[in-house]
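K.L.:
My structure is in run.pdb, and what it holds is PDB, C-alpha atoms:
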ATOM      1  CA  GLY P 268       1.414  17.328 -14.997  1.00  0.00           C
ATOM      2  CA  GLU P 269      -1.150  17.484 -12.245  1.00  0.00           C
ATOM      3  CA  ASN P 270      -0.094  17.319  -8.612  1.00  0.00           C
ATOM      4  CA  VAL P 271      -2.562  16.826  -5.768  1.00  0.00           C
ATOM      5  CA  GLU P 272      -1.744  17.560  -2.132  1.00  0.00           C
ATOM      6  CA  GLN P 273      -4.022  16.242   0.625  1.00  0.00           C
ATOM      7  CA  HIS P 274      -4.218  17.208   4.297  1.00  0.00           C
ATOM      8  CA  PRO P 275      -4.277  16.022   6.982  1.00  0.00           C
ATOM      9  CA  SER P 276      -2.763  12.562   6.652  1.00  0.00           C
ATOM     10  CA  THR P 277      -4.596  11.399   9.788  1.00  0.00           C
ATOM     11  CA  LEU P 278      -7.709  12.752  11.460  1.00  0.00           C
ATOM     12  CA  SER P 279      -9.478  11.653  14.618  1.00  0.00           C
ATOM     13  CA  VAL P 280     -12.917  12.954  15.541  1.00  0.00           C
ATOM     14  CA  GLN P 281     -15.528  12.129  18.127  1.00  0.00           C
ATOM     15  CA  GLU P 282     -18.664  10.427  16.908  1.00  0.00           C
ATOM     16  CA  GLY P 283     -21.192  13.047  15.909  1.00  0.00           C
ATOM     17  CA  ASP P 284     -18.596  15.715  15.141  1.00  0.00           C
ATOM     18  CA  SER P 285     -17.735  16.953  11.662  1.00  0.00           C
ATOM     19  CA  ALA P 286     -14.637  16.025   9.663  1.00  0.00           C
ATOM     20  CA  VAL P 287     -12.995  18.104   6.955  1.00  0.00           C
ATOM     21  CA  ILE P 288     -10.315  16.938   4.529  1.00  0.00           C
ATOM     22  CA  LYS P 289      -8.652  19.410   2.187  1.00  0.00           C
ATOM     23  CA  CYS P 290      -6.895  19.027  -1.152  1.00  0.00           C
ATOM     24  CA  THR P 291      -5.081  21.379  -3.481  1.00  0.00           C
ATOM     25  CA  TYR P 292      -4.299  20.813  -7.141  1.00  0.00           C
ATOM     26  CA  SER P 293      -1.816  22.396  -9.497  1.00  0.00           C
ATOM     27  CA  ASP P 294      -3.285  22.143 -12.997  1.00  0.00           C
ATOM     28  CA  SER P 295      -5.807  24.902 -13.646  1.00  0.00           C
ATOM     29  CA  ALA P 296      -7.209  22.780 -16.496  1.00  0.00           C
ATOM     30  CA  SER P 297      -8.453  20.105 -14.063  1.00  0.00           C
ATOM     31  CA  ASN P 298     -12.235  19.882 -14.185  1.00  0.00           C
ATOM     32  CA  TYR P 299     -13.194  16.698 -12.345  1.00  0.00           C
ATOM     33  CA  PHE P 300     -12.626  16.108  -8.627  1.00  0.00           C
ATOM     34  CA  PRO P 301     -13.757  12.799  -7.101  1.00  0.00           C
ATOM     35  CA  TRP P 302     -13.445  11.540  -3.547  1.00  0.00           C
ATOM     36  CA  TYR P 303     -12.905   7.875  -2.753  1.00  0.00           C
ATOM     37  CA  LYS P 304     -13.350   5.928   0.472  1.00  0.00           C
ATOM     38  CA  GLN P 305     -11.225   2.862   1.089  1.00  0.00           C
ATOM     39  CA  GLU P 306     -12.125   0.431   3.825  1.00  0.00           C
ATOM     40  CA  LEU P 307      -9.613  -2.056   5.154  1.00  0.00           C
ATOM     41  CA  GLY P 308      -8.790  -4.769   2.637  1.00  0.00           C
ATOM     42  CA  LYS P 309     -10.957  -3.295  -0.097  1.00  0.00           C
ATOM     43  CA  GLY P 310     -10.526  -1.195  -3.201  1.00  0.00           C
ATOM     44  CA  PRO P 311     -11.351   2.533  -3.229  1.00  0.00           C
ATOM     45  CA  GLN P 312     -15.011   3.341  -3.756  1.00  0.00           C
ATOM     46  CA  LEU P 313     -16.362   6.601  -5.162  1.00  0.00           C
ATOM     47  CA  ILE P 314     -18.428   8.491  -2.581  1.00  0.00           C
ATOM     48  CA  ILE P 315     -18.911  11.875  -4.227  1.00  0.00           C
ATOM     49  CA  ASP P 316     -17.520  13.917  -7.090  1.00  0.00           C
ATOM     50  CA  ILE P 317     -17.721  17.472  -8.346  1.00  0.00           C
ATOM     51  CA  ARG P 318     -17.083  19.131 -11.665  1.00  0.00           C
ATOM     52  CA  SER P 319     -15.531  22.534 -12.190  1.00  0.00           C
ATOM     53  CA  ASN P 320     -18.789  24.221 -13.159  1.00  0.00           C
ATOM     54  CA  VAL P 321     -20.198  23.581  -9.666  1.00  0.00           C
ATOM     55  CA  GLY P 322     -19.062  25.134  -6.368  1.00  0.00           C
ATOM     56  CA  GLU P 323     -20.658  22.695  -3.935  1.00  0.00           C
ATOM     57  CA  LYS P 324     -22.372  19.349  -3.967  1.00  0.00           C
ATOM     58  CA  LYS P 325     -24.123  17.475  -1.157  1.00  0.00           C
ATOM     59  CA  ASP P 326     -25.206  13.901  -0.647  1.00  0.00           C
ATOM     60  CA  GLN P 327     -26.781  13.330   2.755  1.00  0.00           C
ATOM     61  CA  ARG P 328     -23.976  13.741   5.344  1.00  0.00           C
ATOM     62  CA  ILE P 329     -21.260  14.267   2.747  1.00  0.00           C
ATOM     63  CA  ALA P 330     -20.478  17.472   0.900  1.00  0.00           C
ATOM     64  CA  VAL P 331     -17.693  18.657  -1.352  1.00  0.00           C
ATOM     65  CA  THR P 332     -16.741  22.270  -2.042  1.00  0.00           C
ATOM     66  CA  LEU P 333     -14.562  23.570  -4.853  1.00  0.00           C
ATOM     67  CA  ASN P 334     -12.672  26.860  -5.101  1.00  0.00           C
ATOM     68  CA  LYS P 335     -11.292  27.092  -8.633  1.00  0.00           C
ATOM     69  CA  THR P 336      -9.539  30.390  -8.021  1.00  0.00           C
ATOM     70  CA  ALA P 337      -7.532  29.000  -5.129  1.00  0.00           C
ATOM     71  CA  LYS P 338      -7.346  25.541  -6.714  1.00  0.00           C
ATOM     72  CA  HIS P 339      -8.527  23.663  -3.700  1.00  0.00           C
ATOM     73  CA  PHE P 340     -11.437  21.406  -2.830  1.00  0.00           C
ATOM     74  CA  SER P 341     -12.631  19.894   0.414  1.00  0.00           C
ATOM     75  CA  LEU P 342     -14.659  16.969   1.719  1.00  0.00           C
ATOM     76  CA  HIS P 343     -17.011  17.613   4.622  1.00  0.00           C
ATOM     77  CA  ILE P 344     -18.579  14.793   6.618  1.00  0.00           C
ATOM     78  CA  THR P 345     -21.176  15.813   9.203  1.00  0.00           C
ATOM     79  CA  GLU P 346     -22.540  13.791  12.124  1.00  0.00           C
ATOM     80  CA  THR P 347     -19.715  11.274  11.794  1.00  0.00           C
ATOM     81  CA  GLN P 348     -20.367   7.644  12.629  1.00  0.00           C
ATOM     82  CA  PRO P 349     -17.962   4.775  13.384  1.00  0.00           C
ATOM     83  CA  GLU P 350     -18.596   3.332   9.913  1.00  0.00           C
ATOM     84  CA  ASP P 351     -17.106   6.512   8.423  1.00  0.00           C
ATOM     85  CA  SER P 352     -13.705   5.330   9.679  1.00  0.00           C
ATOM     86  CA  ALA P 353     -11.617   4.627   6.575  1.00  0.00           C
ATOM     87  CA  VAL P 354      -8.952   6.104   4.319  1.00  0.00           C
ATOM     88  CA  TYR P 355     -10.207   8.888   2.057  1.00  0.00           C
ATOM     89  CA  PHE P 356      -8.540   9.917  -1.200  1.00  0.00           C
ATOM     90  CA  CYS P 357      -9.096  13.019  -3.278  1.00  0.00           C
ATOM     91  CA  ALA P 358      -8.190  13.114  -6.957  1.00  0.00           C
ATOM     92  CA  ALA P 359      -8.170  15.457  -9.927  1.00  0.00           C
ATOM     93  CA  THR P 360      -7.953  15.295 -13.689  1.00  0.00           C
ATOM     94  CA  PRO P 361      -8.152  17.767 -16.588  1.00  0.00           C
ATOM     95  CA  GLY P 362     -10.451  15.382 -18.426  1.00  0.00           C
ATOM     96  CA  ASN P 363      -9.408  12.489 -20.617  1.00  0.00           C
ATOM     97  CA  THR P 364      -6.200  11.924 -18.704  1.00  0.00           C
ATOM     98  CA  PRO P 365      -5.670   9.562 -15.766  1.00  0.00           C
ATOM     99  CA  LEU P 366      -6.770  10.563 -12.296  1.00  0.00           C
ATOM    100  CA  VAL P 367      -4.029  11.876 -10.023  1.00  0.00           C
ATOM    101  CA  PHE P 368      -4.626  10.994  -6.387  1.00  0.00           C
ATOM    102  CA  GLY P 369      -3.680  12.632  -3.134  1.00  0.00           C
ATOM    103  CA  LYS P 370      -1.818  10.517  -0.598  1.00  0.00           C
ATOM    104  CA  GLY P 371      -4.877   9.837   1.513  1.00  0.00           C
ATOM    105  CA  THR P 372      -6.326  10.718   4.909  1.00  0.00           C
ATOM    106  CA  ARG P 373      -6.935   8.089   7.545  1.00  0.00           C
ATOM    107  CA  LEU P 374     -10.111   9.088   9.391  1.00  0.00           C
ATOM    108  CA  SER P 375     -10.866   7.553  12.761  1.00  0.00           C
ATOM    109  CA  VAL P 376     -14.256   8.165  14.346  1.00  0.00           C
ATOM    110  CA  ILE P 377     -14.127   7.533  18.061  1.00  0.00           C
ATOM    111  CA  ALA P 378     -17.318   6.271  19.666  1.00  0.00           C
TER     112      ALA P 378
ATOM    113  CA  ASN O 142     -22.243  -8.896 -10.791  1.00  0.00           C
ATOM    114  CA  ALA O 143     -20.963  -5.973 -12.809  1.00  0.00           C
ATOM    115  CA  GLY O 144     -17.575  -4.657 -11.830  1.00  0.00           C
ATOM    116  CA  VAL O 145     -13.849  -5.140 -11.933  1.00  0.00           C
ATOM    117  CA  THR O 146     -12.416  -8.544 -11.020  1.00  0.00           C
ATOM    118  CA  GLN O 147      -8.790  -8.998 -10.003  1.00  0.00           C
ATOM    119  CA  THR O 148      -6.956 -12.269  -9.504  1.00  0.00           C
ATOM    120  CA  PRO O 149      -5.171 -13.469  -7.498  1.00  0.00           C
ATOM    121  CA  LYS O 150      -5.985 -11.699  -4.227  1.00  0.00           C
ATOM    122  CA  PHE O 151      -2.658 -12.623  -2.649  1.00  0.00           C
ATOM    123  CA  GLN O 152       0.665 -13.688  -4.119  1.00  0.00           C
ATOM    124  CA  VAL O 153       4.178 -14.296  -2.830  1.00  0.00           C
ATOM    125  CA  LEU O 154       7.011 -14.275  -5.359  1.00  0.00           C
ATOM    126  CA  LYS O 155      10.713 -14.829  -5.146  1.00  0.00           C
ATOM    127  CA  THR O 156      13.032 -12.165  -6.509  1.00  0.00           C
ATOM    128  CA  GLY O 157      13.494 -12.648 -10.231  1.00  0.00           C
ATOM    129  CA  GLN O 158      10.277 -14.572 -10.820  1.00  0.00           C
ATOM    130  CA  SER O 159       7.701 -13.317 -13.283  1.00  0.00           C
ATOM    131  CA  MET O 160       3.940 -13.320 -12.995  1.00  0.00           C
ATOM    132  CA  THR O 161       0.779 -11.804 -14.425  1.00  0.00           C
ATOM    133  CA  LEU O 162      -1.883 -10.014 -12.426  1.00  0.00           C
ATOM    134  CA  GLN O 163      -5.252 -10.436 -14.066  1.00  0.00           C
ATOM    135  CA  CYS O 164      -7.928  -7.768 -14.404  1.00  0.00           C
ATOM    136  CA  ALA O 165     -11.295  -8.115 -16.121  1.00  0.00           C
ATOM    137  CA  GLN O 166     -14.320  -5.814 -16.321  1.00  0.00           C
ATOM    138  CA  ASP O 167     -17.787  -6.462 -17.673  1.00  0.00           C
ATOM    139  CA  MET O 168     -18.995  -2.864 -17.998  1.00  0.00           C
ATOM    140  CA  ASN O 169     -17.734  -2.373 -21.573  1.00  0.00           C
ATOM    141  CA  HIS O 170     -15.442   0.433 -20.401  1.00  0.00           C
ATOM    142  CA  GLU O 171     -12.831   1.548 -22.890  1.00  0.00           C
ATOM    143  CA  TYR O 172     -10.483   3.001 -20.272  1.00  0.00           C
ATOM    144  CA  MET O 173      -8.607   0.757 -17.840  1.00  0.00           C
ATOM    145  CA  SER O 174      -5.645   1.399 -15.580  1.00  0.00           C
ATOM    146  CA  TRP O 175      -3.322  -0.118 -12.995  1.00  0.00           C
ATOM    147  CA  TYR O 176      -2.297   1.589  -9.758  1.00  0.00           C
ATOM    148  CA  ARG O 177      -0.037   0.509  -6.960  1.00  0.00           C
ATOM    149  CA  GLN O 178      -0.663   1.516  -3.372  1.00  0.00           C
ATOM    150  CA  ASP O 179       2.143   1.838  -0.860  1.00  0.00           C
ATOM    151  CA  PRO O 180       1.939   3.184   2.709  1.00  0.00           C
ATOM    152  CA  GLY O 181       2.020   6.982   2.719  1.00  0.00           C
ATOM    153  CA  MET O 182       2.268   7.155  -1.076  1.00  0.00           C
ATOM    154  CA  GLY O 183      -1.344   7.049  -2.120  1.00  0.00           C
ATOM    155  CA  LEU O 184      -2.257   5.499  -5.459  1.00  0.00           C
ATOM    156  CA  ARG O 185       0.347   5.774  -8.180  1.00  0.00           C
ATOM    157  CA  LEU O 186      -0.433   5.058 -11.815  1.00  0.00           C
ATOM    158  CA  ILE O 187       1.588   2.277 -13.475  1.00  0.00           C
ATOM    159  CA  HIS O 188       0.018   1.895 -16.932  1.00  0.00           C
ATOM    160  CA  TYR O 189      -3.272   2.709 -18.553  1.00  0.00           C
ATOM    161  CA  SER O 190      -5.203   1.947 -21.721  1.00  0.00           C
ATOM    162  CA  VAL O 191      -7.816   3.989 -23.566  1.00  0.00           C
ATOM    163  CA  GLY O 192      -8.988   1.040 -25.632  1.00  0.00           C
ATOM    164  CA  ALA O 193      -8.070  -2.310 -27.119  1.00  0.00           C
ATOM    165  CA  GLY O 194      -4.612  -2.192 -28.677  1.00  0.00           C
ATOM    166  CA  ILE O 195      -3.645   1.092 -26.993  1.00  0.00           C
ATOM    167  CA  THR O 196      -1.553   1.375 -23.839  1.00  0.00           C
ATOM    168  CA  ASP O 197       0.503   4.124 -22.237  1.00  0.00           C
ATOM    169  CA  GLN O 198       2.838   4.589 -19.294  1.00  0.00           C
ATOM    170  CA  GLY O 199       1.930   6.212 -16.044  1.00  0.00           C
ATOM    171  CA  GLU O 200       4.038   7.581 -13.197  1.00  0.00           C
ATOM    172  CA  VAL O 201       5.824   4.342 -12.203  1.00  0.00           C
ATOM    173  CA  PRO O 202       5.983   1.995 -15.248  1.00  0.00           C
ATOM    174  CA  ASN O 203       9.452   0.486 -14.815  1.00  0.00           C
ATOM    175  CA  GLY O 204       9.457  -3.272 -14.276  1.00  0.00           C
ATOM    176  CA  TYR O 205       5.887  -3.716 -15.523  1.00  0.00           C
ATOM    177  CA  ASN O 206       4.402  -4.582 -18.870  1.00  0.00           C
ATOM    178  CA  VAL O 207       0.804  -4.431 -20.135  1.00  0.00           C
ATOM    179  CA  SER O 208      -1.190  -5.323 -23.204  1.00  0.00           C
ATOM    180  CA  ARG O 209      -4.840  -4.805 -24.149  1.00  0.00           C
ATOM    181  CA  SER O 210      -6.061  -7.340 -26.671  1.00  0.00           C
ATOM    182  CA  THR O 211      -9.731  -7.118 -25.654  1.00  0.00           C
ATOM    183  CA  THR O 212     -11.970  -4.474 -24.091  1.00  0.00           C
ATOM    184  CA  GLU O 213     -12.616  -6.697 -21.077  1.00  0.00           C
ATOM    185  CA  ASP O 214      -9.079  -7.667 -20.015  1.00  0.00           C
ATOM    186  CA  PHE O 215      -6.040  -5.664 -18.978  1.00  0.00           C
ATOM    187  CA  PRO O 216      -3.317  -7.903 -17.479  1.00  0.00           C
ATOM    188  CA  LEU O 217      -0.261  -6.513 -15.702  1.00  0.00           C
ATOM    189  CA  ARG O 218       2.993  -8.445 -16.087  1.00  0.00           C
ATOM    190  CA  LEU O 219       5.942  -8.321 -13.727  1.00  0.00           C
ATOM    191  CA  LEU O 220       8.934  -9.275 -15.833  1.00  0.00           C
ATOM    192  CA  SER O 221      11.475  -9.971 -13.063  1.00  0.00           C
ATOM    193  CA  ALA O 222      10.046  -9.320  -9.605  1.00  0.00           C
ATOM    194  CA  ALA O 223      12.009  -7.181  -7.158  1.00  0.00           C
ATOM    195  CA  PRO O 224      11.369  -6.491  -3.441  1.00  0.00           C
ATOM    196  CA  SER O 225      10.539  -2.878  -4.385  1.00  0.00           C
ATOM    197  CA  GLN O 226       7.477  -4.214  -6.177  1.00  0.00           C
ATOM    198  CA  THR O 227       5.956  -5.435  -2.927  1.00  0.00           C
ATOM    199  CA  SER O 228       2.695  -3.521  -2.887  1.00  0.00           C
ATOM    200  CA  VAL O 229      -1.044  -3.698  -3.274  1.00  0.00           C
ATOM    201  CA  TYR O 230      -2.111  -3.441  -6.897  1.00  0.00           C
ATOM    202  CA  PHE O 231      -5.457  -2.075  -8.017  1.00  0.00           C
ATOM    203  CA  CYS O 232      -7.021  -2.246 -11.417  1.00  0.00           C
ATOM    204  CA  ALA O 233      -9.659   0.344 -12.334  1.00  0.00           C
ATOM    205  CA  SER O 234     -11.921   0.988 -15.279  1.00  0.00           C
ATOM    206  CA  ARG O 235     -13.656   4.235 -16.143  1.00  0.00           C
ATOM    207  CA  GLY O 236     -17.111   4.926 -17.482  1.00  0.00           C
ATOM    208  CA  ALA O 237     -18.085   8.540 -18.234  1.00  0.00           C
ATOM    209  CA  GLN O 238     -15.652   9.858 -15.633  1.00  0.00           C
ATOM    210  CA  ALA O 239     -16.081   7.796 -12.460  1.00  0.00           C
ATOM    211  CA  TYR O 240     -13.562   5.022 -11.824  1.00  0.00           C
ATOM    212  CA  THR O 241     -14.532   1.573 -10.582  1.00  0.00           C
ATOM    213  CA  PHE O 242     -11.772  -0.238  -8.703  1.00  0.00           C
ATOM    214  CA  GLY O 243     -11.185  -3.920  -8.207  1.00  0.00           C
ATOM    215  CA  SER O 244     -10.565  -5.357  -4.756  1.00  0.00           C
ATOM    216  CA  GLY O 245      -6.804  -5.498  -5.228  1.00  0.00           C
ATOM    217  CA  THR O 246      -3.924  -7.962  -5.338  1.00  0.00           C
ATOM    218  CA  ARG O 247      -1.524  -7.963  -2.415  1.00  0.00           C
ATOM    219  CA  LEU O 248       1.909  -8.925  -3.747  1.00  0.00           C
ATOM    220  CA  THR O 249       4.943  -9.740  -1.641  1.00  0.00           C
ATOM    221  CA  VAL O 250       8.346 -10.233  -3.253  1.00  0.00           C
ATOM    222  CA  VAL O 251      10.917 -11.962  -1.054  1.00  0.00           C
TER     223      VAL O 251
END
As structure tokens - that is how I would like this structure written.

P.N.:
Amino acid sequence: GENVEQHPSTLSVQEGDSAVIKCTYSDSASNYFPWYKQELGKGPQLIIDIRSNVGEKKDQRIAVTLNKTAKHFSLHITETQPEDSAVYFCAATPGNTPLVFGKGTRLSVIA
Amino acid sequence: NAGVTQTPKFQVLKTGQSMTLQCAQDMNHEYMSWYRQDPGMGLRLIHYSVGAGITDQGEVPNGYNVSRSTTEDFPLRLLSAAPSQTSVYFCASRGAQAYTFGSGTRLTVV
């Protein structure tokens, strides 16, 4: 089955700097790659997703890139703000099978 | 409000007790699932369902039971609680592909 590795496990950045979180997946059939943000005491919330027919997707300060050949995808947050502090999860699935999640990255944005 | 509702939010159980975690969604999603979240372990799939009357096991199903009698509800049963089941439990439903998560149930087994 699918296996998703996520790095780093913790990340601290200064406010205004960029943050990058990277994930690798094992199943070449995976075609859907979402990113979730989890704030303290809440459930994960989808912030952006990408499908395998697209190499990059942007939504304001957030972007995701996908390299199918290398089987890795990354989340990029620019101009970080204190409210970006949270735990971020990547995930992957080949389609109509359950999402497999990475172990999460705790992002701290220091004002 | 549309979404996934989980109850209770907090629960303390004694070892050996049983209980049911409730999950309901009002988005008419066929797919629903249960995950547990432990420190450093991410979200691990317990059970999932692709529609009423159909359930399947995930990565960590032992000690848990599910049923899906309606599209809206997907309860998770702990048959005989153990300290290893202390965790935060999330229910999620899926539309086209995106998952919507509930706010979680924090369970402590003493």

K.L.:
Return as a list in words the residues belonging to chain P that are within 7 Å of chain O, counting all atoms listed in the file.

P.N.:
Lys309, Gly310, Pro311, Gln312, Phe368, Gly369, Lys370 and Gly371 of chain P

K.L.:
Mind dumping the selected residues with C-alpha atoms as an mmCIF file, in the coordinates of the input?

P.N.:
data_model
loop_
_atom_site.group_PDB
_atom_site.id
_atom_site.type_symbol
_atom_site.label_atom_id
_atom_site.label_comp_id
_atom_site.auth_asym_id
_atom_site.auth_seq_id
_atom_site.Cartn_x
_atom_site.Cartn_y
_atom_site.Cartn_z
ATOM 1 C CA LYS P 309 -10.957 -3.295 -0.097
ATOM 2 C CA GLY P 310 -10.526 -1.195 -3.201
ATOM 3 C CA PRO P 311 -11.351 2.533 -3.229
ATOM 4 C CA GLN P 312 -15.011 3.341 -3.756
ATOM 5 C CA PHE P 368 -4.626 10.994 -6.387
ATOM 6 C CA GLY P 369 -3.680 12.632 -3.134
ATOM 7 C CA LYS P 370 -1.818 10.517 -0.598
ATOM 8 C CA GLY P 371 -4.877 9.837 1.513
#

K.L.:
Between P:Val354, P:Val287, P:Leu366, P:Ala296, which residue has the minimum interatomic distance to Arg328 in chain P, considering all atoms listed in the file?

P.N.:
P:Val287

K.L.:
Between CA of Tyr292 in chain P and CA of Lys338 in chain P, what is the spacing in Å?

P.N.:
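CA of Tyr292 in chain P lies 5.6 Å from CA of Lys338 in chain P.
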
K.L.:
Taking the file above as input, evaluate the PyMOL selection byres ((chain P and resi 268) around 12) and report the hits as an MDAnalysis selection string.

P.N.:
(chainID P and resid 269:271 292:297 359:361 364:367) or (chainID O and resid 199:200)

K.L.:
Take the residues from that selection and put them in a file with C-alpha atoms, as a PDB file, keeping the file's coordinate frame.

P.N.:
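The result, stored in again-v2.pdb:
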ATOM      1  CA  GLU P 269      -1.150  17.484 -12.245  1.00  0.00           C
ATOM      2  CA  ASN P 270      -0.094  17.319  -8.612  1.00  0.00           C
ATOM      3  CA  VAL P 271      -2.562  16.826  -5.768  1.00  0.00           C
ATOM      4  CA  TYR P 292      -4.299  20.813  -7.141  1.00  0.00           C
ATOM      5  CA  SER P 293      -1.816  22.396  -9.497  1.00  0.00           C
ATOM      6  CA  ASP P 294      -3.285  22.143 -12.997  1.00  0.00           C
ATOM      7  CA  SER P 295      -5.807  24.902 -13.646  1.00  0.00           C
ATOM      8  CA  ALA P 296      -7.209  22.780 -16.496  1.00  0.00           C
ATOM      9  CA  SER P 297      -8.453  20.105 -14.063  1.00  0.00           C
ATOM     10  CA  ALA P 359      -8.170  15.457  -9.927  1.00  0.00           C
ATOM     11  CA  THR P 360      -7.953  15.295 -13.689  1.00  0.00           C
ATOM     12  CA  PRO P 361      -8.152  17.767 -16.588  1.00  0.00           C
ATOM     13  CA  THR P 364      -6.200  11.924 -18.704  1.00  0.00           C
ATOM     14  CA  PRO P 365      -5.670   9.562 -15.766  1.00  0.00           C
ATOM     15  CA  LEU P 366      -6.770  10.563 -12.296  1.00  0.00           C
ATOM     16  CA  VAL P 367      -4.029  11.876 -10.023  1.00  0.00           C
TER      17      VAL P 367
ATOM     18  CA  GLY O 199       1.930   6.212 -16.044  1.00  0.00           C
ATOM     19  CA  GLU O 200       4.038   7.581 -13.197  1.00  0.00           C
TER      20      GLU O 200
END

K.L.:
With the PyMOL selection byres ((chain P and resi 273-285) around 10) as the selection, what would be picked from this file? Answer as a ChimeraX atom specification, please.

P.N.:
/P:271-272,286-292,328-329,339-341,343-352,354-358,368-378 /O:181,183

K.L.:
One decimal, in Å: what's the spacing between CA of Thr211 in chain O and CA of Met160 in chain O?

P.N.:
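Value for the CA of Thr211 in chain O-CA of Met160 in chain O distance: 19.6 Å.
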
K.L.:
Translate the PyMOL selection byres ((chain O and resi 156) around 12) into a concrete residue list for this structure, as a short mmCIF file (atom, residue, chain, number, x, y, z; two decimals) with C-alpha atoms, in the frame of the given file.

P.N.:
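Once everything was written out, this is result.cif:
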data_model
loop_
_atom_site.label_atom_id
_atom_site.label_comp_id
_atom_site.auth_asym_id
_atom_site.auth_seq_id
_atom_site.Cartn_x
_atom_site.Cartn_y
_atom_site.Cartn_z
CA VAL O 153 4.18 -14.30 -2.83
CA LEU O 154 7.01 -14.28 -5.36
CA LYS O 155 10.71 -14.83 -5.15
CA GLY O 157 13.49 -12.65 -10.23
CA GLN O 158 10.28 -14.57 -10.82
CA SER O 159 7.70 -13.32 -13.28
CA MET O 160 3.94 -13.32 -13.00
CA LEU O 219 5.94 -8.32 -13.73
CA LEU O 220 8.93 -9.28 -15.83
CA SER O 221 11.48 -9.97 -13.06
CA ALA O 222 10.05 -9.32 -9.60
CA ALA O 223 12.01 -7.18 -7.16
CA PRO O 224 11.37 -6.49 -3.44
CA SER O 225 10.54 -2.88 -4.38
CA GLN O 226 7.48 -4.21 -6.18
CA THR O 227 5.96 -5.44 -2.93
CA LEU O 248 1.91 -8.93 -3.75
CA THR O 249 4.94 -9.74 -1.64
CA VAL O 250 8.35 -10.23 -3.25
CA VAL O 251 10.92 -11.96 -1.05
#

K.L.:
Find, counting all atoms listed in the file, the residue in O:Gln198, O:Gly236, O:Ser228, O:Gly192 that gets nearest to Gln152 in chain O.

P.N.:
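Ranked by minimum distance to Gln152 in chain O, first place goes to O:Ser228.
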
K.L.:
If you take every atom of range 323-340 of chain P that the file lists and fit an axis-aligned box around them with 8 Å extra on each side, what centre and edge lengths come out in Å to one decimal, as JSON?

P.N.:
{"center_x": -17.1, "center_y": 21.9, "center_z": -1.6, "size_x": 35.4, "size_y": 33.1, "size_z": 30.0}

K.L.:
Can I get range 351-364 of chain P with N, CA and C atoms filled in, as a PDB file, in the coordinates of the input?

P.N.:
ATOM      1  N   ASP P 351     -17.816   5.561   9.287  1.00  0.00           N
ATOM      2  CA  ASP P 351     -17.106   6.512   8.423  1.00  0.00           C
ATOM      3  C   ASP P 351     -15.592   6.335   8.538  1.00  0.00           C
ATOM      4  N   SER P 352     -15.136   5.576   9.517  1.00  0.00           N
ATOM      5  CA  SER P 352     -13.705   5.330   9.679  1.00  0.00           C
ATOM      6  C   SER P 352     -13.167   4.586   8.462  1.00  0.00           C
ATOM      7  N   ALA P 353     -12.178   5.181   7.813  1.00  0.00           N
ATOM      8  CA  ALA P 353     -11.617   4.627   6.575  1.00  0.00           C
ATOM      9  C   ALA P 353     -10.500   5.554   6.111  1.00  0.00           C
ATOM     10  N   VAL P 354      -9.899   5.208   4.977  1.00  0.00           N
ATOM     11  CA  VAL P 354      -8.952   6.104   4.319  1.00  0.00           C
ATOM     12  C   VAL P 354      -9.683   6.791   3.166  1.00  0.00           C
ATOM     13  N   TYR P 355      -9.539   8.102   3.090  1.00  0.00           N
ATOM     14  CA  TYR P 355     -10.207   8.888   2.057  1.00  0.00           C
ATOM     15  C   TYR P 355      -9.157   9.473   1.116  1.00  0.00           C
ATOM     16  N   PHE P 356      -9.435   9.376  -0.174  1.00  0.00           N
ATOM     17  CA  PHE P 356      -8.540   9.917  -1.200  1.00  0.00           C
ATOM     18  C   PHE P 356      -9.269  10.960  -2.029  1.00  0.00           C
ATOM     19  N   CYS P 357      -8.608  12.086  -2.284  1.00  0.00           N
ATOM     20  CA  CYS P 357      -9.096  13.019  -3.278  1.00  0.00           C
ATOM     21  C   CYS P 357      -8.327  12.777  -4.571  1.00  0.00           C
ATOM     22  N   ALA P 358      -8.850  13.278  -5.666  1.00  0.00           N
ATOM     23  CA  ALA P 358      -8.190  13.114  -6.957  1.00  0.00           C
ATOM     24  C   ALA P 358      -8.625  14.235  -7.886  1.00  0.00           C
ATOM     25  N   ALA P 359      -7.857  14.423  -8.948  1.00  0.00           N
ATOM     26  CA  ALA P 359      -8.170  15.457  -9.927  1.00  0.00           C
ATOM     27  C   ALA P 359      -7.701  15.028 -11.298  1.00  0.00           C
ATOM     28  N   THR P 360      -8.379  15.541 -12.319  1.00  0.00           N
ATOM     29  CA  THR P 360      -7.953  15.295 -13.689  1.00  0.00           C
ATOM     30  C   THR P 360      -8.458  16.413 -14.594  1.00  0.00           C
ATOM     31  N   PRO P 361      -7.681  16.774 -15.611  1.00  0.00           N
ATOM     32  CA  PRO P 361      -8.152  17.767 -16.588  1.00  0.00           C
ATOM     33  C   PRO P 361      -9.202  17.225 -17.538  1.00  0.00           C
ATOM     34  N   GLY P 362      -9.443  15.922 -17.518  1.00  0.00           N
ATOM     35  CA  GLY P 362     -10.451  15.382 -18.426  1.00  0.00           C
ATOM     36  C   GLY P 362     -10.065  13.993 -18.872  1.00  0.00           C
ATOM     37  N   ASN P 363      -9.725  13.822 -20.117  1.00  0.00           N
ATOM     38  CA  ASN P 363      -9.408  12.489 -20.617  1.00  0.00           C
ATOM     39  C   ASN P 363      -7.956  12.093 -20.354  1.00  0.00           C
ATOM     40  N   THR P 364      -7.509  12.367 -19.157  1.00  0.00           N
ATOM     41  CA  THR P 364      -6.200  11.924 -18.704  1.00  0.00           C
ATOM     42  C   THR P 364      -6.401  11.199 -17.384  1.00  0.00           C
TER      43      THR P 364
END
